[in-house]
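Written below as C-alpha coordinates is the structure these notes are about.
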Amino acid sequence: NSKTTFILMSDGWDTGSSEKLYYELNRIKHSVKSIIWLNPLIGSEDYSPDTASMRQVLPLVDVFASARDFESLKKIPSYIN
(Lines give C-alpha, C1' and ligand atoms only; values in the text may rest on other atoms or scores of the structure.)
Protein backbone atom coordinates (compact mmCIF):
# COMPACT_ATOMS: atom_id res chain seq x y z
CA ASN A 1 0.00 0.00 0.00
CA SER A 2 1.01 3.65 0.03
CA LYS A 3 2.78 3.23 3.39
CA THR A 4 4.95 0.33 2.20
CA THR A 5 8.65 0.47 1.40
CA PHE A 6 9.56 -2.24 -1.09
CA ILE A 7 13.11 -3.55 -0.67
CA LEU A 8 14.76 -5.51 -3.45
CA MET A 9 18.19 -7.10 -3.17
CA SER A 10 19.84 -8.07 -6.44
CA ASP A 11 23.04 -7.57 -8.39
CA GLY A 12 20.95 -6.45 -11.37
CA TRP A 13 22.66 -8.65 -13.92
CA ASP A 14 20.41 -9.45 -16.86
CA THR A 15 19.09 -12.99 -16.69
CA GLY A 16 15.66 -12.39 -18.12
CA SER A 17 13.62 -9.84 -19.96
CA SER A 18 14.44 -6.24 -19.05
CA GLU A 19 10.98 -5.28 -20.30
CA LYS A 20 9.34 -7.73 -17.88
CA LEU A 21 11.43 -6.38 -15.01
CA TYR A 22 10.44 -2.82 -15.90
CA TYR A 23 6.77 -3.76 -16.18
CA GLU A 24 6.72 -5.47 -12.78
CA LEU A 25 8.76 -2.82 -10.98
CA ASN A 26 6.62 -0.07 -12.49
CA ARG A 27 3.50 -1.88 -11.29
CA ILE A 28 5.00 -2.13 -7.81
CA LYS A 29 6.07 1.53 -7.91
CA HIS A 30 2.46 2.60 -8.28
CA SER A 31 1.44 0.54 -5.24
CA VAL A 32 4.08 1.46 -2.67
CA LYS A 33 5.59 4.51 -1.00
CA SER A 34 9.15 3.85 -2.16
CA ILE A 35 11.48 1.29 -3.73
CA ILE A 36 14.88 0.54 -2.28
CA TRP A 37 17.25 -1.54 -4.40
CA LEU A 38 20.16 -3.04 -2.47
CA ASN A 39 22.98 -4.24 -4.66
CA PRO A 40 25.94 -6.27 -3.34
CA LEU A 41 28.13 -5.00 -6.20
CA ILE A 42 27.91 -1.31 -5.28
CA GLY A 43 31.24 -0.35 -3.82
CA SER A 44 33.21 -2.76 -5.98
CA GLU A 45 36.01 -0.97 -7.77
CA ASP A 46 34.80 -1.72 -11.30
CA TYR A 47 31.01 -1.85 -10.80
CA SER A 48 28.71 0.25 -12.93
CA PRO A 49 24.93 -0.27 -13.23
CA ASP A 50 25.03 -0.42 -17.01
CA THR A 51 23.09 -3.56 -17.85
CA ALA A 52 19.99 -3.05 -19.99
CA SER A 53 17.75 -3.87 -17.04
CA MET A 54 19.45 -1.46 -14.67
CA ARG A 55 19.39 1.40 -17.16
CA GLN A 56 15.69 0.81 -17.67
CA VAL A 57 14.57 0.48 -14.05
CA LEU A 58 16.83 2.87 -12.13
CA PRO A 59 14.46 5.81 -12.73
CA LEU A 60 11.82 3.84 -10.78
CA VAL A 61 14.11 3.28 -7.80
CA ASP A 62 14.07 5.78 -4.93
CA VAL A 63 17.22 4.49 -3.21
CA PHE A 64 19.99 2.53 -4.95
CA ALA A 65 22.41 1.44 -2.23
CA SER A 66 25.07 -1.06 -1.36
CA ALA A 67 24.43 -4.41 0.29
CA ARG A 68 28.09 -5.29 0.12
CA ASP A 69 28.79 -5.88 3.80
CA PHE A 70 27.32 -5.64 7.27
CA GLU A 71 28.18 -1.94 7.54
CA SER A 72 26.18 -1.13 4.42
CA LEU A 73 23.24 -3.25 5.63
CA LYS A 74 23.16 -1.33 8.92
CA LYS A 75 22.20 1.76 6.87
CA ILE A 76 18.91 0.26 5.65
CA PRO A 77 16.76 1.84 8.39
CA SER A 78 17.96 5.30 7.35
CA TYR A 79 16.56 4.74 3.83
CA ILE A 80 13.06 4.08 5.11
CA ASN A 81 11.05 7.21 5.81
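By convention in this document, the chains of the C-alpha coordinates carry letters A, B, ... by their order, each chain's residues are numbered from 1, and ligands are numbered from 1 in the order they are shown.
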
**Request:** Write out as an NGL selection string all residues of segment 8-81 of chain A that backbone DSSP assigns to strand (DSSP E).
**Result:** :A and (8-9 or 34-39 or 63-66)

**Message:** List as number ranges by chain the protein and nucleic acid residues near segment 37-39 of chain A, meaning an atom at most 12 Å away when only C-alpha atoms are counted, but skip any in the same chain fewer than 3 places from it.
**Reply:** A: 5-13, 25, 34, 42-44, 47-49, 54, 57-69, 72-76, 79-80

**Request:** Run DSSP on the backbone of this structure and report the residues of segment 28-76 of chain A it assigns to alpha helix (DSSP H), as a list in words.
**Result:**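 Everything in segment 28-76 of chain A that counts as alpha helix (DSSP H) is Ile28, Lys29, Ala52, Ser53, Met54, Arg55, Gln56, Val57, Phe70, Glu71, Ser72, Leu73 and Ile76 of chain A.
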
Output all heavy atoms for every residue in the selection just made, as an mmCIF file, in the first residue's frame.
```cif
data_model
loop_
_atom_site.group_PDB
_atom_site.id
_atom_site.type_symbol
_atom_site.label_atom_id
_atom_site.label_comp_id
_atom_site.auth_asym_id
_atom_site.auth_seq_id
_atom_site.Cartn_x
_atom_site.Cartn_y
_atom_site.Cartn_z
ATOM 1 N N ILE A 28 4.742 -2.236 -9.248
ATOM 2 C CA ILE A 28 4.996 -2.128 -7.811
ATOM 3 C C ILE A 28 5.131 -0.663 -7.408
ATOM 4 O O ILE A 28 4.585 -0.237 -6.389
ATOM 5 C CB ILE A 28 6.254 -2.932 -7.422
ATOM 6 C CG1 ILE A 28 5.978 -4.432 -7.572
ATOM 7 C CG2 ILE A 28 6.714 -2.593 -6.009
ATOM 8 C CD1 ILE A 28 7.210 -5.301 -7.526
ATOM 9 N N LYS A 29 5.840 0.110 -8.208
ATOM 10 C CA LYS A 29 6.075 1.531 -7.915
ATOM 11 C C LYS A 29 4.771 2.281 -7.681
ATOM 12 O O LYS A 29 4.692 3.161 -6.829
ATOM 13 C CB LYS A 29 6.852 2.162 -9.072
ATOM 14 C CG LYS A 29 7.109 3.638 -8.954
ATOM 15 C CD LYS A 29 8.168 3.906 -7.925
ATOM 16 C CE LYS A 29 8.554 5.380 -7.919
ATOM 17 N NZ LYS A 29 9.540 5.639 -6.896
ATOM 18 N N ALA A 52 21.225 -3.564 -19.400
ATOM 19 C CA ALA A 52 19.986 -3.047 -19.993
ATOM 20 C C ALA A 52 18.891 -2.909 -18.938
ATOM 21 O O ALA A 52 18.178 -1.905 -18.888
ATOM 22 C CB ALA A 52 19.531 -3.959 -21.132
ATOM 23 N N SER A 53 18.779 -3.903 -18.085
ATOM 24 C CA SER A 53 17.747 -3.867 -17.044
ATOM 25 C C SER A 53 17.961 -2.702 -16.084
ATOM 26 O O SER A 53 17.022 -1.985 -15.752
ATOM 27 C CB SER A 53 17.731 -5.171 -16.251
ATOM 28 O OG SER A 53 17.306 -6.232 -17.060
ATOM 29 N N MET A 54 19.175 -2.528 -15.623
ATOM 30 C CA MET A 54 19.445 -1.464 -14.666
ATOM 31 C C MET A 54 19.203 -0.093 -15.278
ATOM 32 O O MET A 54 18.619 0.778 -14.634
ATOM 33 C CB MET A 54 20.874 -1.555 -14.116
ATOM 34 C CG MET A 54 21.117 -2.744 -13.216
ATOM 35 S SD MET A 54 19.937 -2.960 -11.866
ATOM 36 C CE MET A 54 20.025 -1.413 -11.011
ATOM 37 N N ARG A 55 19.632 0.109 -16.499
ATOM 38 C CA ARG A 55 19.393 1.399 -17.157
ATOM 39 C C ARG A 55 17.900 1.678 -17.260
ATOM 40 O O ARG A 55 17.459 2.816 -17.132
ATOM 41 C CB ARG A 55 20.032 1.429 -18.546
ATOM 42 C CG ARG A 55 21.535 1.599 -18.513
ATOM 43 C CD ARG A 55 22.086 1.902 -19.883
ATOM 44 N NE ARG A 55 21.675 0.937 -20.897
ATOM 45 C CZ ARG A 55 22.336 -0.166 -21.220
ATOM 46 N NH1 ARG A 55 23.462 -0.452 -20.602
ATOM 47 N NH2 ARG A 55 21.892 -0.972 -22.152
ATOM 48 N N GLN A 56 17.130 0.646 -17.488
ATOM 49 C CA GLN A 56 15.693 0.812 -17.671
ATOM 50 C C GLN A 56 14.958 1.061 -16.348
ATOM 51 O O GLN A 56 14.041 1.874 -16.297
ATOM 52 C CB GLN A 56 15.118 -0.420 -18.367
ATOM 53 C CG GLN A 56 13.765 -0.211 -18.956
ATOM 54 C CD GLN A 56 13.393 -1.331 -19.914
ATOM 55 O OE1 GLN A 56 14.036 -2.375 -19.978
ATOM 56 N NE2 GLN A 56 12.346 -1.111 -20.670
ATOM 57 N N VAL A 57 15.347 0.394 -15.286
ATOM 58 C CA VAL A 57 14.572 0.480 -14.045
ATOM 59 C C VAL A 57 15.094 1.489 -13.024
ATOM 60 O O VAL A 57 14.338 1.876 -12.128
ATOM 61 C CB VAL A 57 14.411 -0.900 -13.354
ATOM 62 C CG1 VAL A 57 13.699 -1.872 -14.255
ATOM 63 C CG2 VAL A 57 15.729 -1.436 -12.863
ATOM 64 N N PHE A 70 28.179 -5.913 6.124
ATOM 65 C CA PHE A 70 27.319 -5.637 7.270
ATOM 66 C C PHE A 70 27.176 -4.136 7.513
ATOM 67 O O PHE A 70 26.098 -3.657 7.866
ATOM 68 C CB PHE A 70 27.849 -6.350 8.515
ATOM 69 C CG PHE A 70 26.942 -6.222 9.691
ATOM 70 C CD1 PHE A 70 25.696 -6.839 9.696
ATOM 71 C CD2 PHE A 70 27.313 -5.474 10.801
ATOM 72 C CE1 PHE A 70 24.835 -6.711 10.773
ATOM 73 C CE2 PHE A 70 26.469 -5.348 11.884
ATOM 74 C CZ PHE A 70 25.228 -5.963 11.868
ATOM 75 N N GLU A 71 28.239 -3.391 7.331
ATOM 76 C CA GLU A 71 28.183 -1.937 7.538
ATOM 77 C C GLU A 71 27.180 -1.285 6.600
ATOM 78 O O GLU A 71 26.430 -0.399 7.009
ATOM 79 C CB GLU A 71 29.569 -1.306 7.380
ATOM 80 C CG GLU A 71 30.519 -1.614 8.506
ATOM 81 C CD GLU A 71 29.986 -1.200 9.864
ATOM 82 O OE1 GLU A 71 29.517 -0.051 10.014
ATOM 83 O OE2 GLU A 71 30.022 -2.030 10.793
ATOM 84 N N SER A 72 27.150 -1.712 5.355
ATOM 85 C CA SER A 72 26.182 -1.130 4.424
ATOM 86 C C SER A 72 24.758 -1.564 4.769
ATOM 87 O O SER A 72 23.820 -0.777 4.628
ATOM 88 C CB SER A 72 26.524 -1.483 2.974
ATOM 89 O OG SER A 72 26.501 -2.871 2.756
ATOM 90 N N LEU A 73 24.574 -2.779 5.244
ATOM 91 C CA LEU A 73 23.240 -3.250 5.630
ATOM 92 C C LEU A 73 22.702 -2.520 6.851
ATOM 93 O O LEU A 73 21.495 -2.320 6.988
ATOM 94 C CB LEU A 73 23.255 -4.763 5.875
ATOM 95 C CG LEU A 73 23.544 -5.624 4.650
ATOM 96 C CD1 LEU A 73 23.653 -7.087 5.059
ATOM 97 C CD2 LEU A 73 22.490 -5.434 3.589
ATOM 98 N N ILE A 76 20.251 0.446 6.210
ATOM 99 C CA ILE A 76 18.910 0.263 5.653
ATOM 100 C C ILE A 76 17.844 1.060 6.397
ATOM 101 O O ILE A 76 17.029 1.732 5.753
ATOM 102 C CB ILE A 76 18.551 -1.227 5.571
ATOM 103 C CG1 ILE A 76 19.438 -1.927 4.536
ATOM 104 C CG2 ILE A 76 17.078 -1.412 5.190
ATOM 105 C CD1 ILE A 76 19.300 -3.432 4.513
#
```

**Prompt:** Just how far from atom CA of Asp14 of chain A is atom CA of Asp50 of chain A, in Å to one decimal?
**Reply:**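 Separation between atom CA of Asp50 of chain A and atom CA of Asp14 of chain A: 10.1 Å.
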
**Asked** Separation of atom CA of Asn1 of chain A and atom CA of Gly16 of chain A, in Å?
**Response**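 Taking atom CA of Asn1 of chain A and atom CA of Gly16 of chain A, their separation equals 27.0 Å.
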
**Request:** Go ahead and compute the interatomic distance for atom CA of Thr4 of chain A and atom CA of Lys20 of chain A, in Å to one decimal.
**Result:** 22.1 Å
